[in-house]
$ cat entry_32.cif   # mmCIF, C-alpha atoms; chains and numbers go by the auth columns
data_entry
#
loop_
_atom_site.group_PDB
_atom_site.id
_atom_site.type_symbol
_atom_site.label_atom_id
_atom_site.label_comp_id
_atom_site.label_asym_id
_atom_site.label_seq_id
_atom_site.Cartn_x
_atom_site.Cartn_y
_atom_site.Cartn_z
_atom_site.B_iso_or_equiv
_atom_site.auth_seq_id
_atom_site.auth_asym_id
ATOM 1 C CA MET A 1 7.065 -6.952 -19.989 0.00 14 B
ATOM 2 C CA SER A 2 8.254 -6.829 -16.387 0.00 15 B
ATOM 3 C CA THR A 3 8.616 -9.883 -14.218 0.00 16 B
ATOM 4 C CA PRO A 4 6.761 -10.281 -10.910 0.00 17 B
ATOM 5 C CA GLY A 5 8.550 -10.321 -7.587 0.00 18 B
ATOM 6 C CA ILE A 6 11.500 -8.557 -6.074 0.00 19 B
ATOM 7 C CA ALA A 7 14.197 -7.113 -8.295 0.00 20 B
ATOM 8 C CA VAL A 8 16.712 -4.767 -6.690 0.00 21 B
ATOM 9 C CA SER A 9 17.913 -3.489 -10.048 0.00 22 B
ATOM 10 C CA ASP A 10 14.552 -1.865 -10.856 0.00 23 B
ATOM 11 C CA GLY A 11 14.528 0.475 -7.860 0.00 24 B
ATOM 12 C CA ASN A 12 12.851 -2.056 -5.561 0.00 25 B
ATOM 13 C CA LYS A 13 15.475 -1.833 -2.797 0.00 26 B
ATOM 14 C CA LEU A 14 12.871 -1.170 -0.078 0.00 27 B
ATOM 15 C CA ALA A 15 10.834 -4.300 -0.841 0.00 28 B
ATOM 16 C CA TRP A 16 12.280 -6.046 2.223 0.00 29 B
ATOM 17 C CA MET A 17 10.116 -3.799 4.396 0.00 30 B
ATOM 18 C CA LEU A 18 6.962 -5.300 2.925 0.00 31 B
ATOM 19 C CA GLU A 19 7.892 -8.925 3.679 0.00 32 B
ATOM 20 C CA ASP A 20 5.860 -8.863 6.939 0.00 33 B
ATOM 21 C CA LEU A 21 2.772 -8.696 4.724 0.00 34 B
ATOM 22 C CA ASN A 22 3.596 -12.044 3.103 0.00 35 B
ATOM 23 C CA VAL A 23 0.752 -13.995 4.727 0.00 36 B
ATOM 24 C CA ALA A 24 -1.897 -16.398 3.442 0.00 37 B
ATOM 25 C CA GLY A 25 -4.336 -14.650 1.143 0.00 38 B
ATOM 26 C CA VAL A 26 -2.112 -11.692 0.202 0.00 39 B
ATOM 27 C CA ARG A 27 -1.511 -11.389 -3.535 0.00 40 B
ATOM 28 C CA PHE A 28 0.931 -8.493 -3.351 0.00 41 B
ATOM 29 C CA ALA A 29 1.889 -5.337 -1.471 0.00 42 B
ATOM 30 C CA VAL A 30 3.072 -2.023 -2.902 0.00 43 B
ATOM 31 C CA LEU A 31 4.832 0.829 -1.144 0.00 44 B
ATOM 32 C CA LEU A 32 3.928 4.105 -2.827 0.00 45 B
ATOM 33 C CA SER A 33 4.246 7.837 -2.425 0.00 46 B
ATOM 34 C CA ASP A 34 1.178 9.840 -1.442 0.00 47 B
ATOM 35 C CA ASP A 35 1.072 11.226 -4.990 0.00 48 B
ATOM 36 C CA GLY A 36 0.904 7.759 -6.566 0.00 49 B
ATOM 37 C CA LEU A 37 4.464 6.789 -7.474 0.00 50 B
ATOM 38 C CA ARG A 38 5.595 3.196 -6.875 0.00 51 B
ATOM 39 C CA ILE A 39 8.487 2.902 -4.457 0.00 52 B
ATOM 40 C CA ALA A 40 8.655 -0.898 -3.996 0.00 53 B
ATOM 41 C CA GLN A 41 6.566 -4.041 -4.318 0.00 54 B
ATOM 42 C CA VAL A 42 6.493 -7.681 -3.254 0.00 55 B
ATOM 43 C CA GLY A 43 4.436 -10.608 -4.461 0.00 56 B
ATOM 44 C CA GLU A 44 2.980 -11.571 -7.796 0.00 57 B
ATOM 45 C CA ILE A 45 2.841 -8.176 -9.510 0.00 58 B
ATOM 46 C CA SER A 46 4.941 -6.755 -12.322 0.00 59 B
ATOM 47 C CA VAL A 47 6.625 -3.359 -12.028 0.00 60 B
ATOM 48 C CA ASP A 48 4.242 -1.956 -14.654 0.00 61 B
ATOM 49 C CA ASP A 49 1.176 -3.206 -12.781 0.00 62 B
ATOM 50 C CA ALA A 50 2.620 -1.987 -9.462 0.00 63 B
ATOM 51 C CA GLU A 51 2.926 1.482 -10.991 0.00 64 B
ATOM 52 C CA ARG A 52 -0.716 1.355 -12.154 0.00 65 B
ATOM 53 C CA PHE A 53 -1.794 0.065 -8.726 0.00 66 B
ATOM 54 C CA ALA A 54 0.117 2.891 -7.014 0.00 67 B
ATOM 55 C CA ALA A 55 -1.579 5.560 -9.138 0.00 68 B
ATOM 56 C CA ALA A 56 -5.048 4.083 -8.567 0.00 69 B
ATOM 57 C CA SER A 57 -4.416 3.653 -4.821 0.00 70 B
ATOM 58 C CA SER A 58 -3.442 7.292 -4.511 0.00 71 B
ATOM 59 C CA GLY A 59 -6.683 8.256 -6.257 0.00 72 B
ATOM 60 C CA LEU A 60 -8.740 6.053 -3.949 0.00 73 B
ATOM 61 C CA ARG A 61 -6.985 7.565 -0.948 0.00 74 B
ATOM 62 C CA SER A 62 -7.875 11.067 -2.206 0.00 75 B
ATOM 63 C CA LEU A 63 -11.540 10.084 -2.466 0.00 76 B
ATOM 64 C CA GLY A 64 -11.395 8.866 1.134 0.00 77 B
ATOM 65 C CA LYS A 65 -9.986 12.217 2.220 0.00 78 B
ATOM 66 C CA ALA A 66 -12.805 14.034 0.416 0.00 79 B
ATOM 67 C CA LEU A 67 -15.390 11.977 2.313 0.00 80 B
ATOM 68 C CA GLY A 68 -13.717 12.498 5.700 0.00 81 B
ATOM 69 C CA GLU A 69 -15.650 15.663 6.455 0.00 82 B
ATOM 70 C CA PHE A 70 -18.829 13.588 6.621 0.00 83 B
ATOM 71 C CA CYS A 71 -17.425 11.705 9.630 0.00 84 B
ATOM 72 C CA GLY A 72 -16.888 14.892 11.650 0.00 85 B
ATOM 73 C CA ALA A 73 -14.504 17.828 11.650 0.00 86 B
ATOM 74 C CA ALA A 74 -10.782 17.370 10.946 0.00 87 B
ATOM 75 C CA ASN A 75 -10.911 13.643 10.175 0.00 88 B
ATOM 76 C CA THR A 76 -7.936 12.084 8.478 0.00 89 B
ATOM 77 C CA VAL A 77 -8.044 8.788 6.614 0.00 90 B
ATOM 78 C CA ARG A 78 -6.452 5.977 8.600 0.00 91 B
ATOM 79 C CA GLN A 79 -7.119 3.112 6.238 0.00 92 B
ATOM 80 C CA ASN A 80 -9.122 2.433 3.078 0.00 93 B
ATOM 81 C CA MET A 81 -10.599 -1.034 2.636 0.00 94 B
ATOM 82 C CA THR A 82 -12.513 -1.876 -0.523 0.00 95 B
ATOM 83 C CA GLU A 83 -14.118 -5.285 -0.999 0.00 96 B
ATOM 84 C CA TYR A 84 -14.577 -6.848 -4.429 0.00 97 B
ATOM 85 C CA ASP A 85 -16.065 -10.181 -5.515 0.00 98 B
ATOM 86 C CA ASP A 86 -12.626 -11.833 -5.615 0.00 99 B
ATOM 87 C CA GLY A 87 -10.726 -9.998 -2.886 0.00 100 B
ATOM 88 C CA MET A 88 -9.942 -6.786 -1.063 0.00 101 B
ATOM 89 C CA ILE A 89 -7.700 -3.742 -1.417 0.00 102 B
ATOM 90 C CA PHE A 90 -6.233 -2.144 1.721 0.00 103 B
ATOM 91 C CA ILE A 91 -4.448 1.219 1.735 0.00 104 B
ATOM 92 C CA THR A 92 -2.742 2.551 4.875 0.00 105 B
ATOM 93 C CA ALA A 93 -0.595 5.610 5.585 0.00 106 B
ATOM 94 C CA ALA A 94 3.036 4.630 6.226 0.00 107 B
ATOM 95 C CA GLY A 95 5.088 7.597 7.304 0.00 108 B
ATOM 96 C CA GLU A 96 5.139 11.115 5.968 0.00 109 B
ATOM 97 C CA GLY A 97 3.988 11.090 2.349 0.00 110 B
ATOM 98 C CA ALA A 98 3.980 7.305 1.904 0.00 111 B
ATOM 99 C CA LEU A 99 1.294 4.628 1.696 0.00 112 B
ATOM 100 C CA ILE A 100 1.145 0.836 1.711 0.00 113 B
ATOM 101 C CA GLY A 101 -1.358 -0.851 -0.601 0.00 114 B
ATOM 102 C CA VAL A 102 -2.214 -4.545 -0.367 0.00 115 B
ATOM 103 C CA SER A 103 -4.306 -6.799 -2.618 0.00 116 B
ATOM 104 C CA THR A 104 -5.795 -9.964 -1.138 0.00 117 B
ATOM 105 C CA THR A 105 -7.946 -12.905 -2.088 0.00 118 B
ATOM 106 C CA THR A 106 -11.283 -13.558 -0.386 0.00 119 B
ATOM 107 C CA GLN A 107 -9.537 -16.139 1.822 0.00 120 B
ATOM 108 C CA VAL A 108 -7.728 -13.661 4.053 0.00 121 B
ATOM 109 C CA ASP A 109 -7.894 -12.723 7.711 0.00 122 B
ATOM 110 C CA VAL A 110 -8.933 -9.062 7.424 0.00 123 B
ATOM 111 C CA SER A 111 -8.020 -8.177 10.999 0.00 124 B
ATOM 112 C CA LEU A 112 -4.564 -9.773 10.630 0.00 125 B
ATOM 113 C CA ILE A 113 -3.820 -7.798 7.447 0.00 126 B
ATOM 114 C CA ALA A 114 -5.035 -4.519 8.962 0.00 127 B
ATOM 115 C CA HIS A 115 -2.978 -5.184 12.097 0.00 128 B
ATOM 116 C CA ARG A 116 0.185 -6.112 10.167 0.00 129 B
ATOM 117 C CA MET A 117 -0.154 -3.026 7.958 0.00 130 B
ATOM 118 C CA ASN A 118 -0.541 -0.735 10.969 0.00 131 B
ATOM 119 C CA GLU A 119 2.382 -2.387 12.782 0.00 132 B
ATOM 120 C CA LEU A 120 4.562 -1.996 9.700 0.00 133 B
ATOM 121 C CA ALA A 121 3.585 1.651 9.282 0.00 134 B
ATOM 122 C CA LEU A 122 4.436 2.421 12.923 0.00 135 B
ATOM 123 C CA ARG A 123 7.674 0.417 13.017 0.00 136 B
ATOM 124 C CA VAL A 124 9.300 1.769 9.891 0.00 137 B
ATOM 125 C CA GLY A 125 7.360 4.980 9.253 0.00 138 B
ATOM 126 C CA ARG A 126 10.500 7.101 9.179 0.00 139 B
ATOM 127 C CA GLU A 127 12.177 4.852 6.629 0.00 140 B
ATOM 128 C CA LEU A 128 9.052 4.652 4.496 0.00 141 B
ATOM 129 C CA GLY A 129 8.424 8.390 4.445 0.00 142 B
ATOM 130 C CA SER A 130 8.911 10.080 1.108 0.00 143 B
ATOM 131 C CA LEU A 131 9.040 13.784 0.502 0.00 144 B
ATOM 132 C CA PRO A 132 6.580 15.456 -1.865 0.00 145 B
ATOM 133 C CA ARG A 133 8.006 16.205 -5.294 0.00 146 B
ATOM 134 C CA GLN A 134 9.529 19.663 -5.658 0.00 147 B
ATOM 135 C CA ARG A 135 9.330 21.812 -8.793 0.00 148 B
#

$ encode --input "entry_32.cif" --output "structure tokens"
Amino acid sequence: MSTPGIAVSDGNKLAWMLEDLNVAGVRFAVLLSDDGLRIAQVGEISVDDAERFAAASSGLRSLGKALGEFCGAANTVRQNMTEYDDGMIFITAAGEGALIGVSTTTQVDVSLIAHRMNELALRVGRELGSLPRQR
């Protein structure tokens, strides 16, 4: 079983970029590719769970894209926010082919998290970008 937190040896070298999301109410943050592969994570989540979270986040993002046409022509998804009984999941684009996913408790400032995620995506979008997999 994997241990939660930052571990450079497991391919988590980009976790430092997610440290700006370490605010009250955030359980963890995961940097992932658009196709659902974990790139890095911070917070109380194991590598195995971060990989599952990345895959599910990519799927949720795809559903958001499918619904975009109902908001008008040529809409792209800016951010997904899903509220649950015990918290929220945020997913935001972060550079070409990359996403940031965040899990929170119910005791979180939603506008602060959304703002921090968008700031992070703008500031380091080039570094966060990941190319699509090639055959």

$ closest_residue --input "entry_32.cif" --among "B:Leu45, B:Leu133, B:Ala67, B:Ala37" --to "Ala111 of chain B" --atoms "all atoms listed in the file"
B:Leu45

$ closest_residue --input "entry_32.cif" --among "B:Ser59, B:Ile113, B:Ala127, B:Leu73" --to "Val36 of chain B" --atoms "all atoms listed in the file"
B:Ala127

$ closest_residue --input "entry_32.cif" --among "B:Glu82, B:Ile52, B:Gln120, B:Arg129" --to "Asp98 of chain B" --atoms "all atoms listed in the file"
B:Gln120

$ atom_distance --input "entry_32.cif" --atom1 "atom CA of Ala134 of chain B" --atom2 "atom CA of Asn25 of chain B"
17.9 Å

$ axis_aligned_box --input "entry_32.cif" --around "segment 22-40 of chain B" --padding-each-side "3 Å" --output "lines of an AutoDock Vina configuration file"
center_x = 6.8
center_y = -8.0
center_z = -2.0
size_x = 28.2
size_y = 22.9
size_z = 23.8

$ resolve_selection --input "entry_32.cif" --expression "the PyMOL selection byres ((chain B and resi 75-81) around 12)" --output "MDAnalysis selection string"
chainID B and resid 47:49 68:74 82:95 104:106 112

$ closest_residue --input "entry_32.cif" --among "B:Gly108, B:Ser124, B:Phe66, B:Val115" --to "Phe41 of chain B" --atoms "all atoms listed in the file"
B:Val115

$ resolve_selection --input "entry_32.cif" --expression "the PyMOL selection byres ((chain B and resi 31) around 8)" --output "list in words"
Leu27, Ala28, Trp29, Met30, Glu32, Asp33, Leu34, Asn35, Ala42, Val43, Leu44, Gln54, Val55 and Leu133 of chain B
